[in-house]
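K.L.:
What follows is entry-v5.cif, made up of mmCIF, C-alpha atoms:
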```cif
data_my_file
loop_
_atom_site.label_atom_id
_atom_site.label_comp_id
_atom_site.auth_asym_id
_atom_site.auth_seq_id
_atom_site.Cartn_x
_atom_site.Cartn_y
_atom_site.Cartn_z
CA MET A 147 101.11 161.62 -100.57
CA ASN A 148 97.47 160.67 -101.15
CA ALA A 149 96.00 157.18 -101.02
CA ALA A 150 95.93 156.72 -104.80
CA THR A 151 99.66 157.47 -105.15
CA LEU A 152 100.44 155.11 -102.27
CA PHE A 153 98.57 152.22 -103.90
CA GLY A 154 100.15 153.14 -107.24
CA LEU A 155 103.62 152.75 -105.74
CA CYS A 156 102.46 149.48 -104.17
CA GLY A 157 101.44 148.34 -107.67
CA ALA A 158 104.87 149.36 -109.02
CA VAL A 159 106.67 147.26 -106.37
CA LEU A 160 104.34 144.31 -107.06
CA VAL A 161 105.22 144.47 -110.77
CA GLY A 162 108.92 144.27 -109.82
CA LEU A 163 108.37 141.45 -107.33
CA GLY A 164 106.33 139.44 -109.82
CA LEU A 165 108.90 139.93 -112.56
CA TYR A 166 111.69 138.81 -110.22
CA GLY A 167 109.81 135.63 -109.31
CA LEU A 168 109.01 134.97 -112.96
CA VAL A 169 112.67 135.23 -113.99
CA THR A 170 114.39 133.50 -111.09
CA ASN A 171 112.09 130.70 -109.96
CA PRO A 172 112.61 127.56 -112.05
CA GLU A 173 109.34 125.83 -111.11
CA PRO A 174 106.62 126.46 -113.70
CA LEU A 175 103.89 126.65 -111.05
CA ARG A 176 105.82 129.33 -109.16
CA LYS A 177 106.34 131.18 -112.43
CA ILE A 178 102.57 131.18 -113.00
CA LEU A 179 102.06 132.46 -109.46
CA ALA A 180 104.64 135.21 -109.98
CA PHE A 181 103.04 136.12 -113.29
CA ASN A 182 99.71 136.55 -111.52
CA LEU A 183 101.41 138.79 -108.96
CA LEU A 184 102.90 140.87 -111.78
CA GLY A 185 99.48 141.10 -113.43
CA SER A 186 97.73 142.19 -110.25
CA GLY A 187 100.34 144.94 -109.83
CA VAL A 188 99.55 146.20 -113.34
CA PHE A 189 95.82 146.08 -112.53
CA LEU A 190 96.43 148.08 -109.37
CA VAL A 191 98.27 150.78 -111.33
CA PHE A 192 95.30 150.83 -113.70
CA GLY A 193 92.98 151.19 -110.70
CA VAL A 194 94.98 154.21 -109.57
CA VAL A 195 94.56 155.78 -113.01
CA ALA A 196 90.80 155.18 -112.62
CA ARG A 197 90.77 156.63 -109.10
CA ARG A 198 92.55 159.81 -110.18
CA ALA A 199 90.04 160.29 -112.99
CA ALA A 200 87.16 160.46 -110.50
CA ALA A 201 84.46 162.83 -111.78
CA SER A 202 80.69 163.26 -111.94
CA GLY A 203 80.25 162.17 -108.33
CA LEU A 204 81.85 158.76 -108.95
CA GLY A 205 84.78 157.41 -106.91
CA GLY A 206 86.66 156.57 -110.09
CA ASP A 207 86.41 156.35 -113.86
CA PRO A 208 84.18 153.29 -114.50
CA VAL A 209 85.77 152.50 -117.90
CA PRO A 210 89.19 151.35 -116.60
CA GLN A 211 87.43 149.61 -113.70
CA ALA A 212 85.31 147.57 -116.10
CA MET A 213 88.44 146.77 -118.14
CA VAL A 214 90.20 145.48 -115.01
CA ILE A 215 87.25 143.17 -114.26
CA THR A 216 87.54 141.75 -117.78
CA ALA A 217 91.31 141.47 -117.33
CA ILE A 218 91.00 139.53 -114.06
CA VAL A 219 88.67 137.00 -115.70
CA VAL A 220 90.94 136.61 -118.75
CA ALA A 221 94.00 136.25 -116.47
CA PHE A 222 92.19 133.47 -114.63
CA ALA A 223 91.40 131.69 -117.91
CA ALA A 224 95.06 131.93 -118.95
CA THR A 225 96.19 130.67 -115.53
CA ALA A 226 93.86 127.67 -115.75
CA MET A 227 95.26 126.85 -119.19
CA ALA A 228 98.87 127.25 -117.99
CA ILE A 229 98.30 124.99 -114.98
CA ALA A 230 96.70 122.35 -117.19
CA LEU A 231 99.80 122.50 -119.44
CA VAL A 232 102.14 122.03 -116.45
CA LEU A 233 100.14 119.05 -115.21
CA ARG A 234 100.20 117.53 -118.69
CA LEU A 235 103.98 118.04 -118.80
CA LEU A 236 104.19 116.15 -115.52
CA GLN A 237 102.03 113.32 -116.90
CA GLU A 238 104.17 113.01 -120.02
CA THR A 239 107.65 113.35 -118.52
CA GLY A 240 107.31 112.84 -114.77
CA ARG A 241 109.00 116.22 -114.31
CA SER A 242 107.78 119.73 -113.72
CA THR A 243 110.72 121.82 -114.86
CA LEU A 244 111.32 123.70 -118.06
CA SER A 245 115.11 123.48 -118.18
CA ALA A 246 116.37 121.84 -121.36
CA ASP A 247 119.83 120.71 -120.28
CA ASP A 248 118.84 118.68 -117.26
CA PRO A 249 121.03 115.66 -116.54
CA GLY A 250 118.17 113.52 -115.25
CA GLY A 251 115.88 114.18 -118.25
CA THR A 252 113.54 111.31 -119.14
CA ASP A 253 112.83 109.98 -122.62
CA GLY A 254 109.20 111.04 -123.10
CA GLY A 255 108.60 114.45 -124.68
CA ASN A 256 111.02 117.34 -124.93
CA SER A 257 111.55 118.18 -121.31
CA MET B 58 98.11 161.04 -90.01
CA THR B 59 94.42 160.22 -90.07
CA ILE B 60 93.03 156.77 -89.31
CA SER B 61 92.24 156.05 -92.96
CA SER B 62 95.71 156.96 -94.20
CA ALA B 63 97.26 154.86 -91.41
CA PHE B 64 95.03 152.00 -92.56
CA ASP B 65 96.22 152.49 -96.15
CA VAL B 66 99.87 152.43 -95.16
CA GLY B 67 99.31 149.29 -93.07
CA LEU B 68 97.44 147.63 -95.92
CA VAL B 69 100.19 148.42 -98.44
CA VAL B 70 102.86 147.05 -96.05
CA LEU B 71 100.83 143.85 -95.58
CA ILE B 72 100.20 143.43 -99.33
CA LEU B 73 103.89 143.88 -100.13
CA ALA B 74 105.01 141.58 -97.31
CA VAL B 75 102.62 138.78 -98.29
CA GLY B 76 103.39 139.34 -102.00
CA ALA B 77 107.14 139.09 -101.35
CA ALA B 78 106.56 135.98 -99.23
CA THR B 79 104.72 134.20 -102.07
CA ILE B 80 107.79 134.79 -104.25
CA ALA B 81 110.41 133.97 -101.59
CA MET B 82 108.82 130.90 -99.93
CA ARG B 83 110.54 127.62 -100.63
CA GLU B 84 107.43 125.49 -100.23
CA ALA B 85 105.01 125.83 -103.14
CA PHE B 86 102.10 124.99 -100.81
CA ALA B 87 102.95 127.89 -98.48
CA ALA B 88 103.35 130.21 -101.47
CA VAL B 89 99.88 129.36 -102.76
CA ILE B 90 98.29 129.91 -99.34
CA GLY B 91 100.15 133.24 -99.28
CA TYR B 92 98.70 134.05 -102.69
CA VAL B 93 95.12 133.48 -101.47
CA VAL B 94 95.73 135.83 -98.51
CA TYR B 95 97.31 138.29 -100.93
CA GLY B 96 94.19 138.18 -103.15
CA LEU B 97 91.95 139.04 -100.20
CA LEU B 98 94.22 141.90 -99.08
CA LEU B 99 94.30 143.23 -102.62
CA ALA B 100 90.49 143.18 -102.67
CA MET B 101 90.61 145.56 -99.68
CA ALA B 102 92.96 147.83 -101.64
CA TRP B 103 90.39 147.89 -104.45
CA VAL B 104 87.71 148.97 -101.97
CA ARG B 105 90.03 151.80 -100.89
CA LEU B 106 90.34 152.79 -104.57
CA ALA B 107 86.53 153.10 -104.73
CA ALA B 108 86.23 150.10 -107.09
CA VAL B 109 83.93 147.71 -105.23
CA ASP B 110 83.04 145.75 -108.39
CA VAL B 111 86.73 145.04 -108.97
CA ALA B 112 87.19 144.16 -105.28
CA LEU B 113 84.46 141.50 -105.49
CA THR B 114 85.98 140.06 -108.67
CA GLU B 115 89.51 140.06 -107.23
CA ALA B 116 88.40 138.31 -104.02
CA ALA B 117 86.31 135.71 -105.86
CA ILE B 118 88.48 134.98 -108.90
CA GLY B 119 91.94 136.39 -108.16
CA GLY B 120 92.18 134.93 -104.68
CA GLY B 121 89.62 132.14 -104.45
CA MET B 122 89.44 130.39 -107.81
CA THR B 123 93.10 130.85 -108.78
CA GLY B 124 94.14 129.68 -105.29
CA MET B 125 92.00 126.58 -105.58
CA LEU B 126 93.43 125.73 -109.01
CA MET B 127 96.97 126.17 -107.71
CA LEU B 128 96.40 124.09 -104.58
CA GLY B 129 95.15 121.26 -106.78
CA ALA B 130 98.27 121.57 -108.94
CA VAL B 131 100.60 121.68 -105.90
CA ALA B 132 99.10 118.43 -104.59
CA ARG B 133 99.91 116.71 -107.89
CA LEU B 134 103.31 118.29 -108.44
CA ARG B 135 104.55 117.30 -104.99
CA LEU B 136 105.82 113.98 -106.31
CA ALA B 137 107.50 115.55 -109.35
CA GLU B 138 111.26 115.58 -109.75
CA GLY B 139 113.34 118.63 -110.47
CA ASN B 140 111.86 120.95 -107.86
CA ASP B 141 115.23 121.41 -106.18
CA ILE B 142 116.96 123.42 -108.91
CA ARG B 143 118.02 126.91 -107.82
CA THR B 144 118.90 129.81 -110.05
CA SER B 145 122.52 130.94 -109.70
CA LEU B 146 123.40 134.08 -107.74
CA PRO B 147 124.57 136.24 -110.71
CA VAL B 148 121.32 135.55 -112.55
CA ARG B 149 119.32 136.47 -109.45
CA LEU B 150 121.32 139.66 -109.00
CA ALA B 151 120.85 140.66 -112.63
CA ALA B 152 117.12 139.90 -112.40
CA GLY B 153 116.95 141.94 -109.18
CA VAL B 154 118.54 144.96 -110.88
CA LEU B 155 116.18 144.62 -113.85
CA CYS B 156 113.15 144.42 -111.56
CA VAL B 157 114.22 147.43 -109.52
CA LEU B 158 114.56 149.40 -112.77
CA VAL B 159 111.10 148.31 -113.95
CA THR B 160 109.61 149.23 -110.56
CA ALA B 161 111.36 152.60 -110.64
CA GLY B 162 109.99 153.26 -114.13
CA VAL B 163 106.41 152.49 -113.10
CA ALA B 164 106.86 154.53 -109.90
CA VAL B 165 108.05 157.57 -111.87
CA ALA B 166 104.97 157.27 -114.07
CA ILE B 167 102.77 157.12 -110.94
CA LEU B 168 104.47 160.12 -109.33
CA SER B 169 104.20 162.35 -112.40
CA PRO B 170 100.52 162.36 -113.43
CA PRO B 171 99.44 164.47 -116.43
CA LYS B 172 98.18 168.00 -115.69
CA THR B 173 94.68 167.33 -116.96
CA ILE B 174 93.66 163.78 -116.18
CA PRO B 175 91.55 162.26 -118.97
CA THR B 176 88.30 160.76 -117.74
CA LEU B 177 85.30 159.12 -119.37
CA ALA B 178 83.20 159.25 -116.19
CA PRO B 179 81.04 162.26 -117.26
CA MET B 180 80.22 160.62 -120.60
CA VAL B 181 79.29 157.38 -118.86
CA MET B 182 77.03 159.16 -116.38
CA GLU B 183 75.36 161.29 -119.08
CA ASN B 184 74.21 158.26 -121.02
CA LEU B 185 73.69 155.81 -118.16
CA ALA B 186 70.06 156.84 -117.56
CA GLN B 187 69.08 155.66 -121.06
CA SER B 188 70.14 152.10 -120.24
CA GLY B 189 68.06 152.01 -117.03
CA LEU B 190 71.09 150.76 -115.09
CA GLY B 191 72.31 152.32 -111.85
CA ASN B 192 75.78 150.80 -111.68
CA PRO B 193 78.17 152.68 -114.02
CA VAL B 194 80.57 149.71 -114.20
CA ALA B 195 77.73 147.42 -115.33
CA GLY B 196 76.83 150.15 -117.82
CA VAL B 197 80.33 150.07 -119.29
CA LEU B 198 80.40 146.26 -119.34
CA PHE B 199 77.02 145.74 -120.99
CA VAL B 200 76.36 148.92 -122.96
CA TYR B 201 79.46 150.86 -124.07
CA ARG B 202 81.95 148.01 -124.13
CA ALA B 203 79.55 145.10 -124.62
CA LEU B 204 81.82 143.65 -127.31
CA ASP B 205 84.66 143.25 -124.77
CA THR B 206 82.33 141.47 -122.39
CA LEU B 207 81.04 139.16 -125.13
CA LEU B 208 84.56 138.31 -126.32
CA GLU B 209 85.70 137.70 -122.78
CA LYS B 210 83.04 135.00 -122.46
CA VAL B 211 84.37 133.50 -125.66
CA VAL B 212 87.88 133.57 -124.13
CA LEU B 213 86.59 131.60 -121.12
CA ILE B 214 85.14 128.94 -123.43
CA LEU B 215 88.31 128.87 -125.57
CA ALA B 216 90.42 128.39 -122.42
CA LEU B 217 88.14 125.55 -121.37
CA LEU B 218 88.50 123.94 -124.81
CA GLY B 219 92.27 124.36 -124.46
CA VAL B 220 92.25 122.65 -121.06
CA TRP B 221 90.05 119.83 -122.33
CA SER B 222 92.16 119.28 -125.43
CA LEU B 223 95.18 118.49 -123.22
CA ALA B 224 93.54 115.18 -122.29
CA PRO B 225 94.81 112.02 -124.01
CA ASP B 226 92.55 110.93 -126.91
CA SER B 227 91.39 107.81 -125.06
CA VAL B 228 89.56 109.80 -122.39
CA TRP B 229 88.08 112.54 -124.58
CA GLY B 230 84.53 113.20 -123.44
CA GLY B 231 85.31 111.58 -120.09
CA ILE B 232 85.17 112.78 -116.51
CA PRO B 233 87.47 115.59 -115.26
CA GLY B 234 90.18 114.54 -112.84
CA LEU B 235 88.91 116.60 -109.91
CA ARG B 236 90.04 115.04 -106.62
CA VAL B 237 87.02 113.88 -104.61
CA TYR B 238 87.21 113.46 -100.85
CA ALA B 239 84.00 111.65 -100.00
CA ARG B 240 84.04 111.05 -96.26
CA PRO B 241 80.51 110.94 -94.81
CA GLY B 242 80.32 112.69 -91.45
CA SER B 243 83.41 114.86 -92.09
CA THR B 244 83.49 118.65 -91.74
CA LEU B 245 83.80 118.93 -95.52
CA THR B 246 80.55 116.99 -96.05
CA PHE B 247 78.84 119.12 -93.41
CA LEU B 248 80.00 122.36 -95.06
CA ALA B 249 79.04 121.07 -98.49
CA GLN B 250 75.51 120.53 -97.18
CA LEU B 251 75.34 123.78 -95.21
CA LEU B 252 76.88 126.36 -97.57
CA PRO B 253 75.34 125.80 -101.04
CA PRO B 254 71.79 127.03 -100.18
CA VAL B 255 73.30 130.22 -98.77
CA GLY B 256 75.81 130.51 -101.62
CA ILE B 257 73.17 130.09 -104.31
CA VAL B 258 71.04 132.85 -102.75
CA VAL B 259 74.13 135.09 -102.58
CA ALA B 260 74.91 134.34 -106.24
CA VAL B 261 71.34 135.15 -107.33
CA TYR B 262 71.44 138.35 -105.28
CA MET B 263 74.80 139.42 -106.75
CA CYS B 264 73.60 138.79 -110.28
CA TRP B 265 70.35 140.70 -109.71
CA VAL B 266 71.81 143.64 -107.81
CA GLY B 267 74.61 144.05 -110.37
CA ALA B 268 72.41 146.34 -112.48
CA LYS B 269 72.17 148.90 -109.69
CA GLU B 270 74.95 148.27 -107.18
CA PRO B 271 78.38 146.59 -107.29
CA GLY B 272 78.01 142.95 -108.28
CA GLY B 273 77.04 141.22 -111.49
CA ALA B 274 77.39 138.14 -113.64
CA PHE B 275 81.09 137.44 -112.97
CA GLN B 276 80.83 137.64 -109.23
CA GLY B 277 77.56 135.68 -109.09
CA GLY B 278 78.93 133.08 -111.49
CA THR B 279 82.07 132.62 -109.40
CA VAL B 280 80.04 132.00 -106.25
CA LEU B 281 77.90 129.46 -108.14
CA ALA B 282 81.05 127.74 -109.42
CA ALA B 283 82.49 127.60 -105.89
CA MET B 284 79.31 125.99 -104.54
CA TRP B 285 79.26 123.47 -107.39
CA LEU B 286 82.92 122.56 -106.81
CA LEU B 287 82.28 122.20 -103.07
CA VAL B 288 79.52 119.61 -103.50
CA MET B 289 81.56 117.78 -106.15
CA ILE B 290 84.72 117.65 -104.01
CA ALA B 291 82.72 116.43 -101.01
CA GLY B 292 81.36 113.66 -103.22
CA LEU B 293 77.73 114.71 -102.72
CA THR B 294 77.23 114.93 -106.47
CA SER B 295 79.20 113.18 -109.17
CA VAL B 296 81.58 115.06 -111.48
CA PRO B 297 79.82 115.14 -114.88
CA SER B 298 81.59 113.90 -117.98
CA ILE B 299 82.47 116.72 -120.37
CA GLY B 300 80.41 115.13 -123.14
CA GLU B 301 77.09 115.68 -121.33
CA ARG B 302 74.58 117.54 -123.51
CA TRP B 303 73.20 119.67 -120.67
CA LEU B 304 76.68 120.75 -119.68
CA ARG B 305 77.59 121.87 -123.19
CA ARG B 306 74.29 123.77 -123.46
CA LEU B 307 74.84 125.44 -120.09
CA LEU B 308 78.30 126.56 -121.22
CA VAL B 309 77.08 128.30 -124.37
CA VAL B 310 73.65 129.58 -123.27
CA GLY B 311 75.06 132.89 -121.96
CA PRO B 312 77.22 133.82 -124.97
CA VAL B 313 74.52 132.60 -127.41
CA ILE B 314 71.78 134.76 -125.82
CA PHE B 315 74.20 137.71 -125.66
CA LEU B 316 75.13 137.25 -129.32
CA GLY B 317 71.46 136.78 -130.28
CA ILE B 318 70.45 140.03 -128.59
CA GLY B 319 73.48 141.73 -130.16
CA LEU B 320 72.46 140.57 -133.65
CA ALA B 321 68.83 141.56 -133.02
CA GLY B 322 70.17 145.01 -132.16
CA MET B 323 71.43 145.34 -135.75
CA VAL B 324 67.82 145.16 -136.95
CA LEU B 325 65.99 146.84 -134.06
CA ALA B 326 68.51 149.45 -132.89
CA ASN B 327 70.73 149.96 -135.95
CA ALA B 328 73.93 148.65 -134.36
CA PHE B 329 75.48 145.37 -133.27
CA LEU B 330 75.04 144.93 -129.50
CA ALA B 331 72.79 148.01 -129.25
CA TYR B 332 69.55 147.69 -127.33
CA PRO B 333 66.19 149.02 -128.58
CA PRO B 334 65.19 152.13 -126.56
CA GLY B 335 63.17 151.28 -123.47
CA TYR B 336 64.14 147.58 -123.49
CA ALA B 337 67.76 147.98 -122.46
CA LYS B 338 67.42 147.02 -118.81
CA PRO B 339 65.26 143.86 -119.22
CA LEU B 340 67.54 142.67 -122.03
CA ILE B 341 70.68 143.31 -119.98
CA VAL B 342 69.23 141.49 -116.98
CA ALA B 343 68.31 138.53 -119.23
CA VAL B 344 71.87 138.45 -120.59
CA GLU B 345 73.30 138.69 -117.07
CA VAL B 346 71.20 135.76 -115.81
CA ALA B 347 72.22 133.53 -118.72
CA LEU B 348 75.85 134.63 -118.40
CA THR B 349 75.89 133.90 -114.66
CA LEU B 350 74.96 130.27 -115.39
CA SER B 351 77.50 129.94 -118.21
CA ILE B 352 80.29 131.59 -116.22
CA GLY B 353 79.54 129.35 -113.24
CA ALA B 354 79.75 126.25 -115.42
CA ALA B 355 82.89 127.42 -117.26
CA LEU B 356 84.77 128.40 -114.09
CA GLY B 357 83.79 125.17 -112.32
CA LEU B 358 84.98 123.07 -115.26
CA LEU B 359 88.20 125.08 -115.65
CA ALA B 360 88.96 124.34 -111.99
CA ALA B 361 88.02 120.66 -112.44
CA GLY B 362 90.65 120.27 -115.17
CA PRO B 363 90.96 118.04 -118.23
CA PRO B 364 89.14 114.69 -118.40
CA GLU B 365 91.11 111.78 -116.93
CA ARG B 366 88.82 108.77 -116.99
CA VAL B 367 85.95 107.60 -119.16
#
```
Starting from the file, give its structure as structure tokens.

P.N.:
Amino acid sequence: MNAATLFGLCGAVLVGLGLYGLVTNPEPLRKILAFNLLGSGVFLVFGVVARRAAASGLGGDPVPQAMVITAIVVAFAATAMAIALVLRLLQETGRSTLSADDPGGTDGGNS
Amino acid sequence: MTISSAFDVGLVVLILAVGAATIAMREAFAAVIGYVVYGLLLAMAWVRLAAVDVALTEAAIGGGMTGMLMLGAVARLRLAEGNDIRTSLPVRLAAGVLCVLVTAGVAVAILSPPKTIPTLAPMVMENLAQSGLGNPVAGVLFVYRALDTLLEKVVLILALLGVWSLAPDSVWGGIPGLRVYARPGSTLTFLAQLLPPVGIVVAVYMCWVGAKEPGGAFQGGTVLAAMWLLVMIAGLTSVPSIGERWLRRLLVVGPVIFLGIGLAGMVLANAFLAYPPGYAKPLIVAVEVALTLSIGAALGLLAAGPPERV
């Protein structure tokens, strides 16, 4: 097994791990974290595709590499937005969960 | 097994262990610290995949900036209720099965590559000389896929507008709620005085060298943002209110110059975002410098959060 395949499999496991965290963890902040983990696994798989397409004396295809750079920046922007939403939810309701049927739900907003 | 393949195996084991820990940890604080470590380890994986530009971006943005944002959020969410809910066992089992299936699907795709692997590398290298750039990734970002790069800057500004618009109406145009720890004589103050001169030089270097070697506007801008946040958190400079004219101008100067050059290309080079022959490199460097400033400002303000006081 060469290095690219190894990192590709690593990316595959990271996608699974991130998805698991996203589904099972009830805290929004942990969901955002898990989503970032999932995303970085997808990026890694993309990096493996770039590495395998190495040609013309380059270590990898620069087109997917440039796309991953763009993706990392956009993922950061989305993360910043999501975190701001969670903090606003906390300000409005005093809670940081997304569950609808919570016994201790407060009046403000639709928690 | 050679040393490099042993290193790769060790790195993958570490990445997976730290990644799993960030999901499994009970304490959100520990999970976020784990995520920062994970980002740095992943940057090493990118170096091993011969993508140094991506490695720099991952270390700076994926690990550093995201980690900082999350740590700030953890500090505020600590007092929140409802953090003790646990998902039931059947749901976790079902999710586990689903995730194993997804992982297996991706793994099968990785293990069965196509016979002829499509690559755009020869096309990029053939035409790179015309742009005067030496870094093929910068070539893709600023020549072939310049529209993506321009729109991505717009996304950063849109995200910032989204974050700002979450503020209550009464504090619109006010000062972001970044936590300031002004303690004269503390290590933080010392570091905030010591690091920025070095950091600013590193940022300028990264921006400049990006045309030839790995580096560029994103990486330089992130370092600038980090230095700015450091002096603001240490209380050495005040957090500006989001209504400041100079701040708004700094935010749009990069995209506006990029768009201006792109529109000029319609007249001078017969295509939107095309550069007139012979002027490609100076124009790209000008765009990169302006973008570095705008990205630095946008990332710093995204990390500072919505306005909280007037």

K.L.:
Please return, as a PDB file with C-alpha atoms, in the frame of the given file, all residues of chain A lying within 6 Å of chain B when only C-alpha atoms are considered.

P.N.:
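Ended up saving to iface_27.pdb:
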```
ATOM      1  CA  LEU A 155     103.620 152.750-105.740  1.00  0.00           C
ATOM      2  CA  ALA A 158     104.870 149.360-109.020  1.00  0.00           C
ATOM      3  CA  VAL A 159     106.670 147.260-106.370  1.00  0.00           C
ATOM      4  CA  GLY A 162     108.920 144.270-109.820  1.00  0.00           C
ATOM      5  CA  TYR A 166     111.690 138.810-110.220  1.00  0.00           C
ATOM      6  CA  GLY A 167     109.810 135.630-109.310  1.00  0.00           C
ATOM      7  CA  THR A 170     114.390 133.500-111.090  1.00  0.00           C
ATOM      8  CA  ARG A 197      90.770 156.630-109.100  1.00  0.00           C
ATOM      9  CA  ALA A 199      90.040 160.290-112.990  1.00  0.00           C
ATOM     10  CA  ALA A 201      84.460 162.830-111.780  1.00  0.00           C
ATOM     11  CA  SER A 202      80.690 163.260-111.940  1.00  0.00           C
ATOM     12  CA  GLY A 205      84.780 157.410-106.910  1.00  0.00           C
ATOM     13  CA  ASP A 207      86.410 156.350-113.860  1.00  0.00           C
ATOM     14  CA  PRO A 208      84.180 153.290-114.500  1.00  0.00           C
ATOM     15  CA  ALA A 212      85.310 147.570-116.100  1.00  0.00           C
ATOM     16  CA  ILE A 215      87.250 143.170-114.260  1.00  0.00           C
ATOM     17  CA  ALA A 223      91.400 131.690-117.910  1.00  0.00           C
ATOM     18  CA  MET A 227      95.260 126.850-119.190  1.00  0.00           C
ATOM     19  CA  ALA A 230      96.700 122.350-117.190  1.00  0.00           C
ATOM     20  CA  ARG A 241     109.000 116.220-114.310  1.00  0.00           C
TER      21      ARG A 241
END
```

K.L.:
Near Glu173 in chain A, within 7 Å and counting all atoms listed in the file, which residues show up once chain neighbours fewer than 2 positions away are dropped, as a CSV table (one decimal) with C-alpha atoms, keeping the file's coordinate frame?

P.N.:
```csv
chain,number,residue,atom,x,y,z
A,171,ASN,CA,112.1,130.7,-110.0
A,175,LEU,CA,103.9,126.6,-111.0
A,176,ARG,CA,105.8,129.3,-109.2
A,177,LYS,CA,106.3,131.2,-112.4
A,242,SER,CA,107.8,119.7,-113.7
A,243,THR,CA,110.7,121.8,-114.9
B,140,ASN,CA,111.9,121.0,-107.9
```

K.L.:
Suppose a student applies the PyMOL selection byres ((chain A and resi 157) around 7) to this structure; what residues should they get, written as an MDAnalysis selection string?

P.N.:
chainID A and resid 153:156 158:161 187:188 190:191

K.L.:
Separation of CA of Val75 in chain B and CA of Val94 in chain B, in Å?

P.N.:
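Answer for the CA of Val75 in chain B to CA of Val94 in chain B separation: 7.5 Å.
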
K.L.:
For the file shown, what are the residues hit by the PyMOL selection byres ((chain B and resi 322) around 12), laid out as a PyMOL selection string?

P.N.:
chain B and resi 200+315-321+323-334+336-337+340

K.L.:
Taking all atoms listed in the file into account, which of B:Ile257, B:Ala268, B:Leu358, B:Ala116 comes nearest Pro297 in chain B?

P.N.:
B:Leu358

K.L.:
Pick the closest to Arg198 in chain A from A:Leu236, A:Ile178, A:Ile229, A:Ala149: which is it, counting only C-alpha atoms?

P.N.:
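Going through A:Leu236, A:Ile178, A:Ile229, A:Ala149 one by one, the smallest distance to Arg198 in chain A is for A:Ala149.
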
K.L.:
So how far away is CA of Gly277 in chain B from CA of Val220 in chain A, in Å?

P.N.:
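Going from CA of Val220 in chain A over to CA of Gly277 in chain B, I get 16.5 Å.
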
K.L.:
Rank nothing, just name the residue among A:Val194, A:Met213, A:Val169, A:Ile218 nearest to Asn182 in chain A, using only C-alpha atoms.

P.N.:
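Ranking A:Val194, A:Met213, A:Val169, A:Ile218 by distance to Asn182 in chain A, first place goes to A:Ile218.
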
K.L.:
Calculated over only C-alpha atoms, which of the candidates B:Ala203, B:Glu270, B:Leu286, B:Pro171 has the smallest distance to Leu252 in chain B?

P.N.:
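Result for the nearest residue to Leu252 in chain B: B:Leu286.
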